[in-house]
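Comments concern the structure below.
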Amino acid sequence: MRDALDATPYDALLLLSFGGPEGPDDVVPFLENVTRGRGIPKERLKEVGQHYFLFGGVSPINDQNRALLDALRKDFADHGLDLPVYWGNRNWAPYLTDTLREMVADGRRRILVLATSAYASYSGCRQYRENLADALAALETEGLDLPKIDKLRHYFNHPGFLEPMIEGVLRSLADLPDDVRDGAHIAFSTHSIPTASADTSGPVEQQGDGGAYVRQHLDTARLVADAVRERTGVNHPWQLVYQSRSGAPHIPWLEPDICDHLEERHAAGVPAVVMAPIGFVSDHMEVLYDLDTEATAKAGELGLPVRRSATVGADPRFAAAIRELVLERAATESGREVTPCALGALGASHDLCPVGCCPARAPRPAAAGADSPYA
């Protein structure tokens, strides 16, 4: 009989995600949640929401999170890990505060958080921690006993995150016509963020010129490209590119944009491109619209063959990686020696976000870090 795996001191895992609308009537209220405090008029939000209306007003992210929940629960059960998994969102139901309230009612006191963002940045890490602090503050005002919350480390270079992406690129290359396959370039795509935000991403010692955000993506891209070369015998040139910019034109954001990159590659005589969205955990709206719709249309105008590789989604290897990260953190918290699993040049990320990591423009309390007001 399989020995039971021990996640002590943790008694629950919380999947924390962005959330998304699940029907046309949800789109504007969802966008109001996302942009709260920025003073964006409702008419402008309706314009922004056209991306969602193209898909019936439904973001795929919630169904993708449900699939990941199923994969995690199955993996935990199959491996004898008795750890319940909950789900809460930042911007749509099930809301984070409601889920934490449910967890407290269920008697959960030591909670690990898995954020659906693999890299260091304000929007990909600290903002989730700020939302956790907001939720804990709300529970505190209700007189509830607050649980202790920790966040799993960044997993951009864990083999269970990398391997599905490697196979996705290989499948996309194999799907290209024979006469352009070997000459295809790989465009590793992630969300563009303001350069100022990128420069201050990660711990203080990792900040400057793109910060941890750019370095981590470059390390992931290099690992995937190297594996593709080893398995095909073909060296496919690659570049890190960006998508989904949403800021004011006068504010510098990370470049090049994926569509600009496709134009440049076509002008340079590149016969085909594989777009690999390494910055995203699942095929949510920004992947479906910015790559599958907008970038693919641009490639069609150019006559440039393109393929888009899959994200990790609910791949069983990713679920297994989460189990390994849970057990790794549990061992560390219990004082047991553990060797973190990580590939590439950067090694395993920190368990506890230090003071000054991915700072906000205006300081706000953030849970699950060295500066947390909730010990």
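Chain identifiers are assigned as A, B, and so on, following the order in which chains appear in the structure tokens; residues are numbered from 1 within each chain, and ligands are numbered from 1 in order of appearance.
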
### Task
Would you please extract all strand (DSSP E) residues from segment 111-342 of chain A, as assigned by DSSP on the backbone, and give them as a count of residues only?
29

### Task
Pull the alpha helix (DSSP H) assignments for segment 63-237 of chain A out of DSSP run on the backbone, and list those residues as a PyMOL selection string.
chain A and resi 63-78+96-105+127-141+159-175+178-181+195-199+211-232

Closest atom pairs, residues of segment 63-140 of chain A within 12 Å of segment 178-191 of chain A, only C-alpha atoms, as JSON lines:
{"residue": "A:Ser117", "atom": "CA", "partner": "A:His191", "partner_atom": "CA", "distance": 10.9}
{"residue": "A:Ala118", "atom": "CA", "partner": "A:Thr190", "partner_atom": "CA", "distance": 11.1}
{"residue": "A:Tyr119", "atom": "CA", "partner": "A:Thr190", "partner_atom": "CA", "distance": 10.3}
{"residue": "A:Ser121", "atom": "CA", "partner": "A:His191", "partner_atom": "CA", "distance": 10.8}
{"residue": "A:Ser123", "atom": "CA", "partner": "A:His191", "partner_atom": "CA", "distance": 10.3}
{"residue": "A:Gly124", "atom": "CA", "partner": "A:His191", "partner_atom": "CA", "distance": 10.0}

Those residues you just picked out, can you put them in a file as a CSV table (one decimal), in the first residue's frame with all heavy atoms?
chain,number,residue,atom,x,y,z
A,117,SER,N,0.3,32.3,-12.0
A,117,SER,CA,1.3,33.1,-12.6
A,117,SER,C,2.7,32.6,-12.2
A,117,SER,O,2.9,32.4,-11.0
A,117,SER,CB,1.2,34.6,-12.2
A,117,SER,OG,2.2,35.4,-12.7
A,118,ALA,N,3.5,32.3,-13.2
A,118,ALA,CA,4.7,31.5,-12.9
A,118,ALA,C,5.9,32.4,-12.6
A,118,ALA,O,7.0,31.9,-12.2
A,118,ALA,CB,5.1,30.6,-14.1
A,119,TYR,N,5.8,33.7,-12.8
A,119,TYR,CA,7.0,34.6,-12.9
A,119,TYR,C,6.8,35.7,-11.8
A,119,TYR,O,5.7,36.1,-11.4
A,119,TYR,CB,7.1,35.2,-14.3
A,119,TYR,CG,7.3,34.2,-15.3
A,119,TYR,CD1,6.2,33.7,-16.0
A,119,TYR,CD2,8.5,33.8,-15.8
A,119,TYR,CE1,6.3,32.7,-17.0
A,119,TYR,CE2,8.7,32.8,-16.8
A,119,TYR,CZ,7.5,32.3,-17.4
A,119,TYR,OH,7.7,31.4,-18.4
A,121,SER,N,6.6,39.5,-10.8
A,121,SER,CA,6.3,40.9,-11.2
A,121,SER,C,5.2,41.4,-10.2
A,121,SER,O,4.7,40.6,-9.4
A,121,SER,CB,5.7,40.9,-12.6
A,121,SER,OG,4.4,40.3,-12.7
A,123,SER,N,2.2,42.6,-11.0
A,123,SER,CA,0.8,42.0,-11.4
A,123,SER,C,0.8,40.5,-11.3
A,123,SER,O,-0.3,39.9,-11.1
A,123,SER,CB,0.4,42.5,-12.8
A,123,SER,OG,1.4,42.1,-13.7
A,124,GLY,N,2.0,39.9,-11.4
A,124,GLY,CA,2.0,38.4,-11.3
A,124,GLY,C,2.3,37.8,-10.0
A,124,GLY,O,2.2,36.6,-9.8

### Query
Between A:Pro21, A:Pro203, A:Pro60, A:Pro194, which has the minimum distance to Ile251 of chain A (counting only C-alpha atoms)?
A:Pro194

#### Entry: Contacts of segment 317-331 of chain A at 10 Å (only C-alpha atoms; same-chain gap of 6+ positions) as a PyMOL selection string
chain A and resi 5-10+13+68-76+79+81+83+112-114+150-155+158-164+281+337-341+351

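Residues within 8 Å of Glu22 of chain A, counting only C-alpha atoms and excluding same-chain residues fewer than 4 positions away, are Asp26, Val27, Gly57, Val58, Ser59 and Asn62 of chain A.
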
How would the residues just picked look written out with C-alpha atoms as a PDB file, in the first residue's frame?
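The resulting file, out_26.pdb, is reproduced below:
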ATOM      1  CA  ASP A  26     -20.696  39.715 -16.738  1.00  0.00           C
ATOM      2  CA  VAL A  27     -18.208  41.467 -19.034  1.00  0.00           C
ATOM      3  CA  GLY A  57     -18.849  37.137 -23.373  1.00  0.00           C
ATOM      4  CA  VAL A  58     -17.226  34.080 -21.831  1.00  0.00           C
ATOM      5  CA  SER A  59     -13.595  33.911 -20.781  1.00  0.00           C
ATOM      6  CA  ASN A  62     -12.747  29.711 -15.294  1.00  0.00           C
TER       7      ASN A  62
END

### Query
So what do you get for atom CA of Ala310 of chain A versus atom CA of Tyr289 of chain A, distance-wise?
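Result for atom CA of Ala310 of chain A versus atom CA of Tyr289 of chain A: 14.1 Å, one decimal.
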
What's the 12 Å shell around Arg229 of chain A, counting only C-alpha atoms, without same-chain residues fewer than 3 positions away, as a JSON list (two decimals) with all heavy atoms, in the first residue's frame?
[["chain", "number", "residue", "atom", "x", "y", "z"],
["A", 166, "ILE", "N", 7.56, 22.39, -23.97],
["A", 166, "ILE", "CA", 8.50, 21.84, -24.95],
["A", 166, "ILE", "C", 7.75, 20.97, -25.96],
["A", 166, "ILE", "O", 7.93, 21.11, -27.18],
["A", 166, "ILE", "CB", 9.59, 21.02, -24.24],
["A", 166, "ILE", "CG1", 10.48, 21.93, -23.38],
["A", 166, "ILE", "CG2", 10.44, 20.24, -25.25],
["A", 166, "ILE", "CD1", 11.36, 21.18, -22.39],
["A", 169, "VAL", "N", 5.69, 23.05, -28.43],
["A", 169, "VAL", "CA", 6.47, 23.63, -29.52],
["A", 169, "VAL", "C", 6.82, 22.56, -30.55],
["A", 169, "VAL", "O", 6.74, 22.79, -31.77],
["A", 169, "VAL", "CB", 7.74, 24.31, -28.98],
["A", 169, "VAL", "CG1", 8.65, 24.76, -30.13],
["A", 169, "VAL", "CG2", 7.38, 25.52, -28.11],
["A", 170, "LEU", "N", 7.18, 21.38, -30.08],
["A", 170, "LEU", "CA", 7.51, 20.29, -31.01],
["A", 170, "LEU", "C", 6.30, 19.94, -31.88],
["A", 170, "LEU", "O", 6.44, 19.71, -33.09],
["A", 170, "LEU", "CB", 7.98, 19.06, -30.23],
["A", 170, "LEU", "CG", 9.35, 19.19, -29.54],
["A", 170, "LEU", "CD1", 9.59, 18.00, -28.62],
["A", 170, "LEU", "CD2", 10.46, 19.29, -30.59],
["A", 173, "LEU", "N", 5.81, 22.71, -34.50],
["A", 173, "LEU", "CA", 6.79, 22.59, -35.57],
["A", 173, "LEU", "C", 6.42, 21.45, -36.52],
["A", 173, "LEU", "O", 6.49, 21.60, -37.75],
["A", 173, "LEU", "CB", 8.18, 22.35, -34.99],
["A", 173, "LEU", "CG", 8.87, 23.56, -34.34],
["A", 173, "LEU", "CD1", 10.09, 23.10, -33.54],
["A", 173, "LEU", "CD2", 9.28, 24.59, -35.39],
["A", 182, "ASP", "N", 12.08, 23.49, -40.94],
["A", 182, "ASP", "CA", 13.43, 23.62, -40.38],
["A", 182, "ASP", "C", 13.88, 25.07, -40.27],
["A", 182, "ASP", "O", 14.73, 25.40, -39.44],
["A", 182, "ASP", "CB", 14.44, 22.84, -41.22],
["A", 182, "ASP", "CG", 14.32, 21.33, -41.01],
["A", 182, "ASP", "OD1", 13.55, 20.93, -40.10],
["A", 182, "ASP", "OD2", 14.97, 20.57, -41.75],
["A", 185, "HIS", "N", 11.26, 30.11, -37.00],
["A", 185, "HIS", "CA", 11.72, 30.76, -35.78],
["A", 185, "HIS", "C", 10.67, 30.55, -34.69],
["A", 185, "HIS", "O", 9.50, 30.27, -34.98],
["A", 185, "HIS", "CB", 11.91, 32.25, -36.01],
["A", 185, "HIS", "CG", 13.14, 32.58, -36.81],
["A", 185, "HIS", "ND1", 13.86, 33.74, -36.64],
["A", 185, "HIS", "CD2", 13.78, 31.90, -37.78],
["A", 185, "HIS", "CE1", 14.88, 33.78, -37.46],
["A", 185, "HIS", "NE2", 14.85, 32.67, -38.17],
["A", 186, "ILE", "N", 11.09, 30.70, -33.44],
["A", 186, "ILE", "CA", 10.19, 30.58, -32.31],
["A", 186, "ILE", "C", 10.05, 31.95, -31.65],
["A", 186, "ILE", "O", 11.07, 32.58, -31.30],
["A", 186, "ILE", "CB", 10.67, 29.55, -31.28],
["A", 186, "ILE", "CG1", 10.94, 28.20, -31.95],
["A", 186, "ILE", "CG2", 9.64, 29.40, -30.16],
["A", 186, "ILE", "CD1", 11.60, 27.18, -31.03],
["A", 222, "ARG", "N", 15.05, 29.88, -23.12],
["A", 222, "ARG", "CA", 16.31, 29.19, -23.47],
["A", 222, "ARG", "C", 16.21, 27.70, -23.17],
["A", 222, "ARG", "O", 16.67, 26.86, -23.97],
["A", 222, "ARG", "CB", 17.46, 29.82, -22.67],
["A", 222, "ARG", "CG", 18.85, 29.36, -23.09],
["A", 222, "ARG", "CD", 19.92, 30.16, -22.38],
["A", 222, "ARG", "NE", 19.86, 31.59, -22.73],
["A", 222, "ARG", "CZ", 19.45, 32.55, -21.91],
["A", 222, "ARG", "NH1", 19.05, 32.27, -20.68],
["A", 222, "ARG", "NH2", 19.43, 33.81, -22.32],
["A", 223, "LEU", "N", 15.60, 27.35, -22.05],
["A", 223, "LEU", "CA", 15.44, 25.94, -21.71],
["A", 223, "LEU", "C", 14.56, 25.22, -22.73],
["A", 223, "LEU", "O", 14.87, 24.09, -23.15],
["A", 223, "LEU", "CB", 14.83, 25.80, -20.31],
["A", 223, "LEU", "CG", 15.76, 26.12, -19.14],
["A", 223, "LEU", "CD1", 14.96, 26.36, -17.87],
["A", 223, "LEU", "CD2", 16.76, 24.98, -18.93],
["A", 224, "VAL", "N", 13.48, 25.84, -23.14],
["A", 224, "VAL", "CA", 12.59, 25.23, -24.13],
["A", 224, "VAL", "C", 13.29, 25.12, -25.47],
["A", 224, "VAL", "O", 13.26, 24.06, -26.13],
["A", 224, "VAL", "CB", 11.28, 26.04, -24.26],
["A", 224, "VAL", "CG1", 10.43, 25.50, -25.41],
["A", 224, "VAL", "CG2", 10.49, 26.01, -22.95],
["A", 225, "ALA", "N", 13.95, 26.19, -25.92],
["A", 225, "ALA", "CA", 14.62, 26.17, -27.22],
["A", 225, "ALA", "C", 15.74, 25.13, -27.24],
["A", 225, "ALA", "O", 15.93, 24.43, -28.25],
["A", 225, "ALA", "CB", 15.18, 27.56, -27.53],
["A", 226, "ASP", "N", 16.49, 25.02, -26.15],
["A", 226, "ASP", "CA", 17.57, 24.02, -26.09],
["A", 226, "ASP", "C", 17.01, 22.61, -26.17],
["A", 226, "ASP", "O", 17.57, 21.74, -26.86],
["A", 226, "ASP", "CB", 18.37, 24.19, -24.80],
["A", 226, "ASP", "CG", 19.27, 25.42, -24.81],
["A", 226, "ASP", "OD1", 19.42, 26.06, -25.88],
["A", 226, "ASP", "OD2", 19.83, 25.75, -23.75],
["A", 232, "THR", "N", 15.18, 17.61, -31.96],
["A", 232, "THR", "CA", 14.96, 17.66, -33.40],
["A", 232, "THR", "C", 16.25, 17.69, -34.21],
["A", 232, "THR", "O", 16.24, 17.38, -35.41],
["A", 232, "THR", "CB", 14.13, 18.91, -33.78],
["A", 232, "THR", "OG1", 14.89, 20.09, -33.46],
["A", 232, "THR", "CG2", 12.80, 18.92, -33.05],
["A", 233, "GLY", "N", 17.33, 18.08, -33.55],
["A", 233, "GLY", "CA", 18.59, 18.25, -34.27],
["A", 233, "GLY", "C", 18.64, 19.53, -35.09],
["A", 233, "GLY", "O", 19.58, 19.74, -35.87],
["A", 234, "VAL", "N", 17.63, 20.40, -34.92],
["A", 234, "VAL", "CA", 17.55, 21.65, -35.68],
["A", 234, "VAL", "C", 17.62, 22.82, -34.70],
["A", 234, "VAL", "O", 16.92, 22.84, -33.68],
["A", 234, "VAL", "CB", 16.25, 21.74, -36.50],
["A", 234, "VAL", "CG1", 16.18, 23.07, -37.24],
["A", 234, "VAL", "CG2", 16.15, 20.57, -37.47],
["A", 235, "ASN", "N", 18.46, 23.79, -35.03],
["A", 235, "ASN", "CA", 18.57, 24.98, -34.19],
["A", 235, "ASN", "C", 17.59, 26.04, -34.71],
["A", 235, "ASN", "O", 17.83, 26.65, -35.75],
["A", 235, "ASN", "CB", 20.00, 25.52, -34.21],
["A", 235, "ASN", "CG", 20.16, 26.72, -33.29],
["A", 235, "ASN", "OD1", 19.50, 26.81, -32.26],
["A", 235, "ASN", "ND2", 21.03, 27.64, -33.67],
["A", 236, "HIS", "N", 16.49, 26.24, -33.99],
["A", 236, "HIS", "CA", 15.50, 27.23, -34.40],
["A", 236, "HIS", "C", 15.80, 28.56, -33.68],
["A", 236, "HIS", "O", 15.72, 28.62, -32.45],
["A", 236, "HIS", "CB", 14.09, 26.75, -34.04],
["A", 236, "HIS", "CG", 13.64, 25.57, -34.83],
["A", 236, "HIS", "ND1", 13.07, 25.68, -36.08],
["A", 236, "HIS", "CD2", 13.68, 24.24, -34.54],
["A", 236, "HIS", "CE1", 12.77, 24.47, -36.54],
["A", 236, "HIS", "NE2", 13.12, 23.58, -35.63],
["A", 237, "PRO", "N", 16.13, 29.61, -34.41],
["A", 237, "PRO", "CA", 16.35, 30.91, -33.76],
["A", 237, "PRO", "C", 15.10, 31.33, -32.99],
["A", 237, "PRO", "O", 13.97, 31.01, -33.39],
["A", 237, "PRO", "CB", 16.62, 31.86, -34.93],
["A", 237, "PRO", "CG", 17.12, 30.96, -36.03],
["A", 237, "PRO", "CD", 16.36, 29.68, -35.86],
["A", 238, "TRP", "N", 15.31, 32.06, -31.90],
["A", 238, "TRP", "CA", 14.16, 32.44, -31.07],
["A", 238, "TRP", "C", 14.36, 33.84, -30.50],
["A", 238, "TRP", "O", 15.47, 34.36, -30.46],
["A", 238, "TRP", "CB", 13.94, 31.44, -29.95],
["A", 238, "TRP", "CG", 15.10, 31.32, -28.97],
["A", 238, "TRP", "CD1", 16.15, 30.46, -29.06],
["A", 238, "TRP", "CD2", 15.30, 32.08, -27.77],
["A", 238, "TRP", "NE1", 17.00, 30.61, -28.00],
["A", 238, "TRP", "CE2", 16.50, 31.61, -27.19],
["A", 238, "TRP", "CE3", 14.60, 33.09, -27.13],
["A", 238, "TRP", "CZ2", 17.01, 32.13, -26.00],
["A", 238, "TRP", "CZ3", 15.09, 33.61, -25.94],
["A", 238, "TRP", "CH2", 16.27, 33.13, -25.39]]

### Query
atom CA of Gln207 of chain A to atom CA of Tyr122 of chain A: how many Å, to one decimal?
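Distance reported for this atom pair: 12.3 Å.
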
Determine, counting only C-alpha atoms, which protein, DNA and RNA residues have an atom within 6 Å of an atom of Arg129 of chain A; residues of the same chain fewer than 2 positions away are not included. Present the result as a CSV table (one decimal) with C-alpha atoms, in the first residue's frame.
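Written file, selection31.csv:
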chain,number,residue,atom,x,y,z
A,126,ARG,CA,2.7,41.1,-5.3
A,127,GLN,CA,-0.8,42.1,-6.5
A,131,ASN,CA,-5.5,40.7,-2.6
A,132,LEU,CA,-4.8,38.1,0.0
A,366,ALA,CA,0.6,42.3,1.2
A,367,ALA,CA,0.2,38.9,2.8

### Message
Rounded to one decimal, what separation in Å do you get between atom CA of Arg265 of chain A and atom CA of Met285 of chain A?
### Response
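Spanning atom CA of Arg265 of chain A to atom CA of Met285 of chain A is a straight-line distance of 25.1 Å.
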
### Task
Determine the nearest neighbour of Glu140 of chain A from the options A:Thr293, A:Asn157, A:Ser197, A:Thr97, counting only C-alpha atoms.
A:Thr97

### Query
For Asn65 of chain A, which residue among A:His350, A:Arg171, A:Arg108, A:His284 is the nearest when counting only C-alpha atoms?
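The closest residue to Asn65 of chain A is A:His284.
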
### Task
Go through A:Asn91, A:Ser246, A:Thr220, A:Thr296 one by one, measure the shortest atom-to-atom distance of each to Cys259 of chain A using only C-alpha atoms, and give the residue with the smallest value.
A:Thr296
